[in-house]
>>> print(open('model39.cif').read())   # mmCIF, C-alpha atoms; chains and numbers go by the auth columns
data_work
#
loop_
_atom_site.group_PDB
_atom_site.id
_atom_site.type_symbol
_atom_site.label_atom_id
_atom_site.label_comp_id
_atom_site.label_asym_id
_atom_site.label_seq_id
_atom_site.Cartn_x
_atom_site.Cartn_y
_atom_site.Cartn_z
_atom_site.B_iso_or_equiv
_atom_site.auth_seq_id
_atom_site.auth_asym_id
ATOM 1 C CA GLY A 1 123.736 138.589 5.649 0.00 21 A
ATOM 2 C CA ALA A 2 120.560 137.117 7.076 0.00 22 A
ATOM 3 C CA ALA A 3 119.774 133.943 8.983 0.00 23 A
ATOM 4 C CA ILE A 4 116.483 132.037 8.837 0.00 24 A
ATOM 5 C CA VAL A 5 115.490 130.143 11.966 0.00 25 A
ATOM 6 C CA ARG A 6 112.573 127.762 12.406 0.00 26 A
ATOM 7 C CA VAL A 7 111.048 128.529 15.792 0.00 27 A
ATOM 8 C CA SER A 8 109.084 126.213 18.046 0.00 28 A
ATOM 9 C CA ALA A 9 105.302 126.410 18.314 0.00 29 A
ATOM 10 C CA PRO A 10 105.392 127.943 21.845 0.00 30 A
ATOM 11 C CA LEU A 11 107.838 130.636 20.736 0.00 31 A
ATOM 12 C CA ALA A 12 105.827 131.319 17.571 0.00 32 A
ATOM 13 C CA GLU A 13 102.679 131.672 19.678 0.00 33 A
ATOM 14 C CA SER A 14 104.433 134.110 22.015 0.00 34 A
ATOM 15 C CA MET A 15 105.691 136.214 19.115 0.00 35 A
ATOM 16 C CA TYR A 16 102.313 136.284 17.375 0.00 36 A
ATOM 17 C CA GLN A 17 100.585 137.244 20.616 0.00 37 A
ATOM 18 C CA GLN A 18 102.927 140.211 20.969 0.00 38 A
ATOM 19 C CA ILE A 19 102.489 141.267 17.336 0.00 39 A
ATOM 20 C CA PHE A 20 98.849 140.553 16.450 0.00 40 A
ATOM 21 C CA SER A 21 96.889 140.137 19.692 0.00 41 A
ATOM 22 C CA GLY A 22 95.242 143.554 19.281 0.00 42 A
ATOM 23 C CA LEU A 23 93.771 142.756 15.854 0.00 43 A
ATOM 24 C CA GLU A 24 90.058 142.014 15.522 0.00 44 A
ATOM 25 C CA PHE A 25 90.517 138.762 13.571 0.00 45 A
ATOM 26 C CA PHE A 26 93.419 137.291 15.489 0.00 46 A
ATOM 27 C CA PRO A 27 92.361 133.741 16.495 0.00 47 A
ATOM 28 C CA LYS A 28 92.185 133.044 20.204 0.00 48 A
ATOM 29 C CA ASP A 29 93.253 129.450 19.596 0.00 49 A
ATOM 30 C CA ILE A 30 96.459 130.349 17.768 0.00 50 A
ATOM 31 C CA ASN A 31 98.140 127.461 19.581 0.00 51 A
ATOM 32 C CA SER A 32 95.806 125.011 17.800 0.00 52 A
ATOM 33 C CA ILE A 33 96.883 126.393 14.429 0.00 53 A
ATOM 34 C CA LEU A 34 100.586 126.224 15.214 0.00 54 A
ATOM 35 C CA SER A 35 100.313 122.656 16.521 0.00 55 A
ATOM 36 C CA SER A 36 98.240 121.388 13.583 0.00 56 A
ATOM 37 C CA LYS A 37 99.699 118.732 11.282 0.00 57 A
ATOM 38 C CA LEU A 38 98.958 121.107 8.384 0.00 58 A
ATOM 39 C CA HIS A 39 101.283 123.727 9.858 0.00 59 A
ATOM 40 C CA LEU A 40 104.632 123.330 8.092 0.00 60 A
ATOM 41 C CA GLY A 41 106.509 125.665 10.395 0.00 61 A
ATOM 42 C CA THR A 42 107.039 129.232 11.536 0.00 62 A
ATOM 43 C CA PHE A 43 110.222 130.866 10.301 0.00 63 A
ATOM 44 C CA VAL A 44 111.972 133.995 11.538 0.00 64 A
ATOM 45 C CA CYS A 45 114.608 135.854 9.540 0.00 65 A
ATOM 46 C CA VAL A 46 117.053 138.109 11.389 0.00 66 A
ATOM 47 C CA PRO A 47 120.359 139.751 10.459 0.00 67 A
ATOM 48 C CA LYS A 48 123.231 137.434 11.339 0.00 68 A
ATOM 49 C CA SER A 49 124.704 140.169 13.510 0.00 69 A
ATOM 50 C CA TYR A 50 121.524 140.136 15.641 0.00 70 A
ATOM 51 C CA LEU A 51 121.393 136.363 15.974 0.00 71 A
ATOM 52 C CA SER A 52 123.665 136.279 19.016 0.00 72 A
ATOM 53 C CA MET A 53 121.735 139.123 20.690 0.00 73 A
ATOM 54 C CA TRP A 54 118.362 137.405 20.313 0.00 74 A
ATOM 55 C CA ASP A 55 117.760 135.095 23.250 0.00 75 A
ATOM 56 C CA ASN A 56 115.300 133.062 21.150 0.00 76 A
ATOM 57 C CA GLN A 57 112.935 132.925 24.096 0.00 77 A
ATOM 58 C CA ASN A 58 110.132 135.457 24.400 0.00 78 A
ATOM 59 C CA ALA A 59 111.479 138.899 23.498 0.00 79 A
ATOM 60 C CA LEU A 60 111.125 140.062 19.893 0.00 80 A
ATOM 61 C CA PRO A 61 114.368 140.689 17.994 0.00 81 A
ATOM 62 C CA PRO A 62 115.125 144.376 17.274 0.00 82 A
ATOM 63 C CA CYS A 63 114.916 143.662 13.545 0.00 83 A
ATOM 64 C CA PHE A 64 113.158 140.638 12.074 0.00 84 A
ATOM 65 C CA ALA A 65 110.592 139.168 9.701 0.00 85 A
ATOM 66 C CA ILE A 66 108.279 136.275 10.515 0.00 86 A
ATOM 67 C CA MET A 67 106.191 133.930 8.378 0.00 87 A
ATOM 68 C CA SER A 68 104.243 130.690 8.791 0.00 88 A
ATOM 69 C CA VAL A 69 103.461 128.107 6.110 0.00 89 A
ATOM 70 C CA TRP A 70 100.229 126.085 5.879 0.00 90 A
ATOM 71 C CA ASN A 71 99.883 122.874 3.871 0.00 91 A
ATOM 72 C CA THR A 72 96.587 123.615 2.122 0.00 92 A
ATOM 73 C CA LYS A 73 97.130 120.893 -0.485 0.00 93 A
ATOM 74 C CA GLU A 74 96.304 118.256 2.123 0.00 94 A
ATOM 75 C CA VAL A 75 92.808 119.747 2.476 0.00 95 A
ATOM 76 C CA TYR A 76 91.794 120.359 -1.141 0.00 96 A
ATOM 77 C CA GLN A 77 93.255 120.808 -4.610 0.00 97 A
ATOM 78 C CA LEU A 78 92.557 123.157 -7.492 0.00 98 A
ATOM 79 C CA GLN A 79 92.551 122.743 -11.259 0.00 99 A
ATOM 80 C CA LEU A 80 92.364 125.281 -14.068 0.00 100 A
ATOM 81 C CA LYS A 81 89.999 124.225 -16.863 0.00 101 A
ATOM 82 C CA GLY A 82 88.639 125.690 -20.077 0.00 102 A
ATOM 83 C CA VAL A 83 92.027 126.867 -21.352 0.00 103 A
ATOM 84 C CA SER A 84 92.855 126.693 -25.060 0.00 104 A
ATOM 85 C CA LYS A 85 95.522 124.352 -26.429 0.00 105 A
ATOM 86 C CA LEU A 86 97.559 127.372 -27.532 0.00 106 A
ATOM 87 C CA THR A 87 97.647 128.740 -23.991 0.00 107 A
ATOM 88 C CA ARG A 88 98.634 125.331 -22.650 0.00 108 A
ATOM 89 C CA ALA A 89 101.454 125.135 -25.200 0.00 109 A
ATOM 90 C CA CYS A 90 102.722 128.609 -24.287 0.00 110 A
ATOM 91 C CA CYS A 91 102.740 127.720 -20.590 0.00 111 A
ATOM 92 C CA LEU A 92 104.599 124.491 -21.337 0.00 112 A
ATOM 93 C CA GLY A 93 107.109 126.430 -23.409 0.00 113 A
ATOM 94 C CA SER A 94 107.748 128.827 -20.520 0.00 114 A
ATOM 95 C CA ARG A 95 108.615 125.897 -18.256 0.00 115 A
ATOM 96 C CA VAL A 96 110.916 124.349 -20.855 0.00 116 A
ATOM 97 C CA LEU A 97 112.777 127.629 -21.343 0.00 117 A
ATOM 98 C CA ASP A 98 113.073 128.169 -17.600 0.00 118 A
ATOM 99 C CA ALA A 99 114.471 124.656 -17.124 0.00 119 A
ATOM 100 C CA HIS A 100 117.010 124.714 -19.965 0.00 120 A
ATOM 101 C CA ILE A 101 117.822 128.413 -20.436 0.00 121 A
ATOM 102 C CA PRO A 102 117.245 129.959 -16.994 0.00 122 A
ATOM 103 C CA TRP A 103 119.449 132.989 -17.701 0.00 123 A
ATOM 104 C CA LEU A 104 116.766 134.306 -20.076 0.00 124 A
ATOM 105 C CA ARG A 105 114.637 134.835 -16.961 0.00 125 A
ATOM 106 C CA VAL A 106 111.436 133.920 -18.803 0.00 126 A
ATOM 107 C CA PRO A 107 108.564 133.734 -16.261 0.00 127 A
ATOM 108 C CA SER A 108 107.742 130.056 -15.784 0.00 128 A
ATOM 109 C CA ILE A 109 104.026 129.335 -15.442 0.00 129 A
ATOM 110 C CA PRO A 110 103.438 126.136 -13.439 0.00 130 A
ATOM 111 C CA ASN A 111 101.199 123.366 -14.722 0.00 131 A
ATOM 112 C CA LEU A 112 97.871 124.460 -13.301 0.00 132 A
ATOM 113 C CA PHE A 113 95.860 122.362 -15.746 0.00 133 A
ATOM 114 C CA LYS A 114 96.004 119.236 -13.620 0.00 134 A
ATOM 115 C CA PRO A 115 94.964 119.020 -9.936 0.00 135 A
ATOM 116 C CA PHE A 116 97.485 120.841 -7.788 0.00 136 A
ATOM 117 C CA GLY A 117 97.852 121.947 -4.210 0.00 137 A
ATOM 118 C CA PHE A 118 99.481 125.024 -2.772 0.00 138 A
ATOM 119 C CA HIS A 119 101.238 126.352 0.293 0.00 139 A
ATOM 120 C CA PHE A 120 99.559 129.248 2.071 0.00 140 A
ATOM 121 C CA LEU A 121 101.712 131.896 3.758 0.00 141 A
ATOM 122 C CA TYR A 122 100.186 133.542 6.820 0.00 142 A
ATOM 123 C CA GLY A 123 101.210 135.470 9.896 0.00 143 A
ATOM 124 C CA LEU A 124 103.532 137.662 7.842 0.00 144 A
ATOM 125 C CA HIS A 125 105.109 140.561 9.696 0.00 145 A
ATOM 126 C CA MET A 126 108.299 142.581 9.504 0.00 146 A
ATOM 127 C CA GLN A 127 109.746 145.014 11.985 0.00 147 A
ATOM 128 C CA GLY A 128 112.874 147.133 12.249 0.00 148 A
ATOM 129 C CA LYS A 129 115.305 148.790 9.868 0.00 149 A
ATOM 130 C CA GLY A 130 116.132 146.580 6.914 0.00 150 A
ATOM 131 C CA SER A 131 113.268 144.176 7.610 0.00 151 A
ATOM 132 C CA LEU A 132 111.985 144.525 4.031 0.00 152 A
ATOM 133 C CA GLY A 133 114.978 142.564 2.781 0.00 153 A
ATOM 134 C CA LEU A 134 114.449 139.991 5.525 0.00 154 A
ATOM 135 C CA MET A 135 110.865 139.414 4.418 0.00 155 A
ATOM 136 C CA LYS A 136 112.011 138.996 0.824 0.00 156 A
ATOM 137 C CA SER A 137 114.463 136.358 2.038 0.00 157 A
ATOM 138 C CA LEU A 138 111.613 134.537 3.781 0.00 158 A
ATOM 139 C CA CYS A 139 109.529 134.636 0.599 0.00 159 A
ATOM 140 C CA ASN A 140 112.425 133.142 -1.364 0.00 160 A
ATOM 141 C CA PHE A 141 112.772 130.487 1.323 0.00 161 A
ATOM 142 C CA ALA A 142 109.062 129.622 1.053 0.00 162 A
ATOM 143 C CA HIS A 143 109.370 129.461 -2.739 0.00 163 A
ATOM 144 C CA ASN A 144 112.285 127.031 -2.554 0.00 164 A
ATOM 145 C CA MET A 145 110.421 125.031 0.070 0.00 165 A
ATOM 146 C CA ALA A 146 107.461 124.635 -2.303 0.00 166 A
ATOM 147 C CA ARG A 147 109.681 123.725 -5.271 0.00 167 A
ATOM 148 C CA LYS A 148 110.891 120.673 -3.368 0.00 168 A
ATOM 149 C CA ASP A 149 107.292 119.445 -3.085 0.00 169 A
ATOM 150 C CA VAL A 150 106.258 117.995 -6.459 0.00 170 A
ATOM 151 C CA THR A 151 102.562 118.144 -5.541 0.00 171 A
ATOM 152 C CA CYS A 152 102.695 121.868 -4.720 0.00 172 A
ATOM 153 C CA GLY A 153 101.780 124.023 -7.713 0.00 173 A
ATOM 154 C CA ALA A 154 101.700 127.478 -6.162 0.00 174 A
ATOM 155 C CA VAL A 155 102.526 129.615 -3.141 0.00 175 A
ATOM 156 C CA VAL A 156 99.717 131.917 -2.007 0.00 176 A
ATOM 157 C CA ALA A 157 99.605 134.769 0.502 0.00 177 A
ATOM 158 C CA GLU A 158 96.855 137.144 1.605 0.00 178 A
ATOM 159 C CA VAL A 159 97.631 140.457 3.287 0.00 179 A
ATOM 160 C CA ALA A 160 95.833 143.737 3.814 0.00 180 A
ATOM 161 C CA GLN A 161 96.086 146.217 0.956 0.00 181 A
ATOM 162 C CA TRP A 162 98.076 148.759 2.977 0.00 182 A
ATOM 163 C CA ASP A 163 100.192 146.253 4.876 0.00 183 A
ATOM 164 C CA PRO A 164 103.901 147.140 4.371 0.00 184 A
ATOM 165 C CA VAL A 165 104.578 143.414 3.969 0.00 185 A
ATOM 166 C CA SER A 166 102.803 143.455 0.585 0.00 186 A
ATOM 167 C CA ILE A 167 105.769 145.273 -0.965 0.00 187 A
ATOM 168 C CA ALA A 168 108.086 142.385 -0.126 0.00 188 A
ATOM 169 C CA ILE A 169 105.918 139.578 -1.525 0.00 189 A
ATOM 170 C CA PRO A 170 106.832 138.619 -5.123 0.00 190 A
ATOM 171 C CA HIS A 171 103.683 138.301 -7.208 0.00 191 A
ATOM 172 C CA TRP A 172 102.232 138.592 -10.679 0.00 192 A
ATOM 173 C CA LYS A 173 99.513 141.218 -10.986 0.00 193 A
ATOM 174 C CA LYS A 174 97.525 138.978 -13.341 0.00 194 A
ATOM 175 C CA PHE A 175 97.310 136.375 -10.579 0.00 195 A
ATOM 176 C CA SER A 176 96.558 138.891 -7.822 0.00 196 A
ATOM 177 C CA CYS A 177 93.463 140.811 -6.858 0.00 197 A
ATOM 178 C CA ASP A 178 92.345 143.484 -4.413 0.00 198 A
ATOM 179 C CA ASP A 179 89.257 142.524 -2.430 0.00 199 A
ATOM 180 C CA LEU A 180 87.049 145.072 -0.700 0.00 200 A
ATOM 181 C CA TRP A 181 85.178 143.664 2.280 0.00 201 A
ATOM 182 C CA CYS A 182 82.314 145.352 4.073 0.00 202 A
ATOM 183 C CA MET A 183 81.499 143.579 7.315 0.00 203 A
ATOM 184 C CA LYS A 184 78.706 144.419 9.714 0.00 204 A
ATOM 185 C CA LYS A 185 79.259 143.728 13.382 0.00 205 A
ATOM 186 C CA LEU A 186 76.267 141.821 14.735 0.00 206 A
ATOM 187 C CA SER A 187 77.159 142.037 18.407 0.00 207 A
ATOM 188 C CA LYS A 188 77.054 145.339 20.256 0.00 208 A
ATOM 189 C CA CYS A 189 80.007 147.676 19.896 0.00 209 A
ATOM 190 C CA ALA A 190 81.645 149.072 22.986 0.00 210 A
ATOM 191 C CA SER A 191 80.168 152.516 23.544 0.00 211 A
ATOM 192 C CA ASN A 192 79.299 154.744 26.481 0.00 212 A
ATOM 193 C CA ASP A 193 76.125 155.831 24.733 0.00 213 A
ATOM 194 C CA GLU A 194 73.666 152.942 24.949 0.00 214 A
ATOM 195 C CA SER A 195 71.646 154.322 22.041 0.00 215 A
ATOM 196 C CA GLN A 196 74.714 154.031 19.816 0.00 216 A
ATOM 197 C CA SER A 197 75.823 150.612 21.050 0.00 217 A
ATOM 198 C CA SER A 198 74.267 148.764 18.105 0.00 218 A
ATOM 199 C CA ASN A 199 75.553 151.203 15.492 0.00 219 A
ATOM 200 C CA TRP A 200 78.300 149.272 13.702 0.00 220 A
ATOM 201 C CA THR A 201 79.650 152.476 12.142 0.00 221 A
ATOM 202 C CA THR A 202 80.889 153.571 15.572 0.00 222 A
ATOM 203 C CA CYS A 203 83.202 150.571 15.896 0.00 223 A
ATOM 204 C CA ARG A 204 86.920 151.190 15.861 0.00 224 A
ATOM 205 C CA LYS A 205 88.674 151.572 12.536 0.00 225 A
ATOM 206 C CA SER A 206 90.155 148.396 11.115 0.00 226 A
ATOM 207 C CA SER A 207 93.902 147.947 11.232 0.00 227 A
ATOM 208 C CA SER A 208 96.038 148.137 8.097 0.00 228 A
ATOM 209 C CA VAL A 209 97.514 144.774 9.123 0.00 229 A
ATOM 210 C CA LEU A 210 95.595 141.530 8.704 0.00 230 A
ATOM 211 C CA PHE A 211 96.109 138.127 10.290 0.00 231 A
ATOM 212 C CA VAL A 212 94.472 135.493 8.103 0.00 232 A
ATOM 213 C CA ASP A 213 93.409 132.278 9.793 0.00 233 A
ATOM 214 C CA PRO A 214 94.681 129.575 7.388 0.00 234 A
ATOM 215 C CA ARG A 215 91.764 127.321 8.333 0.00 235 A
ATOM 216 C CA ASP A 216 89.405 129.836 6.716 0.00 236 A
ATOM 217 C CA PHE A 217 91.303 130.174 3.457 0.00 237 A
#
>>> encode(input="model39.cif", output="structure tokens")
Amino acid sequence: GAAIVRVSAPLAESMYQQIFSGLEFFPKDINSILSSKLHLGTFVCVPKSYLSMWDNQNALPPCFAIMSVWNTKEVYQLQLKGVSKLTRACCLGSRVLDAHIPWLRVPSIPNLFKPFGFHFLYGLHMQGKGSLGLMKSLCNFAHNMARKDVTCGAVVAEVAQWDPVSIAIPHWKKFSCDDLWCMKKLSKCASNDESQSSNWTTCRKSSSVLFVDPRDF
């Protein structure tokens, strides 16, 4: 079995520093994010057998998954408009079936036609043998956490395309997209050749792992 533990902001900062500090977009003020009132918590999932071996201080567990939740609905809300009455009726029907006949496992589409907020998952990382299942447990935990909030209409996550974590995140392809970003570095790249220092193509290759600052989402 697995155990999910909510860790303190100082411990979460220490873990994120060890995991993501080498990434180009990792925020230097990570402590400000983790201490924000919009931060709903950082959660770590470990096998129950490892729980006693983890000192819960600074060292990373040998096998774990970590995730943080951001309360985006307190900043702004979304609303889906321009949808036909037939589509609205079908979405309503999916919720009715899910509520009364859940064993049919009909996908339930939330009511996105009125203003709704969402929880944003960030700082997702898994490490060690069997960590894929641990991350799935965290995603289920975040889903149940959002269901208890009547004003939360969705749970959203953004990860790099080749991030192994993406396999563990439940999602509908129709509600997902792959973005391709091309970014030009304006400051000088580190290079021994001064003539090449402003050539952004000589910068180091981007990592397959992405830390998304929830304040920018």
>>> closest_residue(input="model39.cif", among="A:Asn91, A:Ser104, A:Ser41, A:Ser34", to="Leu60 in chain A", atoms="only C-alpha atoms")
A:Asn91
>>> atom_distance(input="model39.cif", atom1="CA of Pro81 in chain A", atom2="CA of His59 in chain A")
22.9 Å
>>> residues_around(input="model39.cif", residues="Val176 in chain A", least_positions_apart="4", cutoff="12 Å", atoms="all atoms listed in the file", output="VMD selection string")
chain A and resid 88 to 93 137 to 142 159 162 to 163 166 172 189 to 192 195 to 197 232 234 237
>>> resolve_selection(input="model39.cif", expression="the PyMOL selection byres ((chain A and resi 145) around 12)", output="PyMOL selection string")
chain A and resi 35-36+38-40+62-65+80+83-88+141-144+146-148+151-152+154-156+158-159+179-180+183-189+228-232
>>> atom_distance(input="model39.cif", atom1="CA of Leu54 in chain A", atom2="CA of Glu33 in chain A")
7.3 Å
>>> atom_distance(input="model39.cif", atom1="CA of Ser114 in chain A", atom2="CA of Ile129 in chain A")
6.3 Å
>>> closest_residue(input="model39.cif", among="A:Ala79, A:Ala174, A:Ala23, A:Ala109", to="Pro67 in chain A", atoms="only C-alpha atoms")
A:Ala23
>>> axis_aligned_box(input="model39.cif", around="range 70-73 of chain A", padding_each_side="3 Å", output="lines of an AutoDock Vina configuration file")
center_x = 122.5
center_y = 138.2
center_z = 18.2
size_x = 8.3
size_y = 9.9
size_z = 11.0
>>> build_atoms(input="model39.cif", residues="range 117-152 of chain A", atoms="N, CA and C atoms", output="compact mmCIF listing (two decimals), in the frame of the given file")
# COMPACT_ATOMS: atom_id res chain seq x y z
N LEU A 117 111.75 126.60 -21.27
CA LEU A 117 112.78 127.63 -21.34
C LEU A 117 113.40 127.88 -19.98
N ASP A 118 112.57 127.91 -18.95
CA ASP A 118 113.07 128.17 -17.60
C ASP A 118 113.98 127.04 -17.13
N ALA A 119 113.68 125.81 -17.56
CA ALA A 119 114.47 124.66 -17.12
C ALA A 119 115.80 124.56 -17.87
N HIS A 120 115.81 124.92 -19.15
CA HIS A 120 117.01 124.71 -19.96
C HIS A 120 117.80 126.00 -20.22
N ILE A 121 117.12 127.14 -20.21
CA ILE A 121 117.82 128.41 -20.44
C ILE A 121 117.40 129.40 -19.35
N PRO A 122 117.74 129.13 -18.10
CA PRO A 122 117.24 129.96 -16.99
C PRO A 122 117.74 131.39 -17.03
N TRP A 123 118.91 131.63 -17.69
CA TRP A 123 119.45 132.99 -17.70
C TRP A 123 118.61 133.95 -18.54
N LEU A 124 117.68 133.43 -19.34
CA LEU A 124 116.77 134.31 -20.08
C LEU A 124 115.73 134.94 -19.15
N ARG A 125 115.57 134.33 -17.98
CA ARG A 125 114.64 134.84 -16.96
C ARG A 125 113.21 134.96 -17.51
N VAL A 126 112.81 133.96 -18.30
CA VAL A 126 111.44 133.92 -18.80
C VAL A 126 110.53 133.44 -17.67
N PRO A 127 109.47 134.18 -17.34
CA PRO A 127 108.56 133.73 -16.26
C PRO A 127 108.01 132.34 -16.55
N SER A 128 108.19 131.43 -15.61
CA SER A 128 107.74 130.06 -15.78
C SER A 128 106.37 129.88 -15.14
N ILE A 129 105.38 129.54 -15.95
CA ILE A 129 104.03 129.34 -15.44
C ILE A 129 103.85 127.86 -15.10
N PRO A 130 103.57 127.54 -13.84
CA PRO A 130 103.44 126.14 -13.44
C PRO A 130 102.26 125.46 -14.13
N ASN A 131 102.27 124.14 -14.11
CA ASN A 131 101.20 123.37 -14.72
C ASN A 131 99.98 123.38 -13.80
N LEU A 132 99.09 124.31 -14.10
CA LEU A 132 97.87 124.46 -13.30
C LEU A 132 96.68 123.76 -13.94
N PHE A 133 96.95 122.99 -15.00
CA PHE A 133 95.86 122.36 -15.75
C PHE A 133 95.56 120.95 -15.26
N LYS A 134 96.31 120.49 -14.30
CA LYS A 134 96.00 119.24 -13.62
C LYS A 134 95.86 119.55 -12.13
N PRO A 135 95.18 118.71 -11.36
CA PRO A 135 94.96 119.02 -9.94
C PRO A 135 96.28 119.33 -9.22
N PHE A 136 96.28 120.43 -8.51
CA PHE A 136 97.48 120.84 -7.79
C PHE A 136 97.10 121.41 -6.43
N GLY A 137 98.03 121.34 -5.52
CA GLY A 137 97.85 121.95 -4.21
C GLY A 137 98.75 123.16 -4.08
N PHE A 138 98.65 123.85 -2.96
CA PHE A 138 99.48 125.02 -2.77
C PHE A 138 99.80 125.22 -1.30
N HIS A 139 100.86 125.95 -1.06
CA HIS A 139 101.24 126.35 0.29
C HIS A 139 100.69 127.76 0.55
N PHE A 140 100.12 127.95 1.71
CA PHE A 140 99.56 129.25 2.07
C PHE A 140 100.44 129.91 3.12
N LEU A 141 100.87 131.14 2.83
CA LEU A 141 101.71 131.90 3.76
C LEU A 141 100.82 132.79 4.62
N TYR A 142 101.01 132.73 5.92
CA TYR A 142 100.19 133.54 6.82
C TYR A 142 101.04 134.02 7.99
N GLY A 143 100.47 134.94 8.76
CA GLY A 143 101.21 135.47 9.90
C GLY A 143 102.46 136.22 9.47
N LEU A 144 102.37 136.93 8.35
CA LEU A 144 103.53 137.66 7.84
C LEU A 144 103.66 139.00 8.56
N HIS A 145 104.86 139.29 9.01
CA HIS A 145 105.11 140.56 9.70
C HIS A 145 106.59 140.87 9.62
N MET A 146 106.90 142.15 9.48
CA MET A 146 108.30 142.58 9.50
C MET A 146 108.42 143.81 10.38
N GLN A 147 109.58 143.94 11.01
CA GLN A 147 109.75 145.01 11.98
C GLN A 147 111.22 145.38 12.09
N GLY A 148 111.50 146.67 12.10
CA GLY A 148 112.87 147.13 12.25
C GLY A 148 113.50 147.58 10.94
N LYS A 149 114.60 148.29 11.04
CA LYS A 149 115.30 148.79 9.87
C LYS A 149 115.89 147.63 9.06
N GLY A 150 115.62 147.64 7.77
CA GLY A 150 116.13 146.58 6.91
C GLY A 150 115.28 145.33 6.89
N SER A 151 114.11 145.38 7.54
CA SER A 151 113.27 144.18 7.61
C SER A 151 112.62 143.83 6.27
N LEU A 152 112.55 144.80 5.35
CA LEU A 152 111.98 144.52 4.03
C LEU A 152 112.80 143.45 3.32
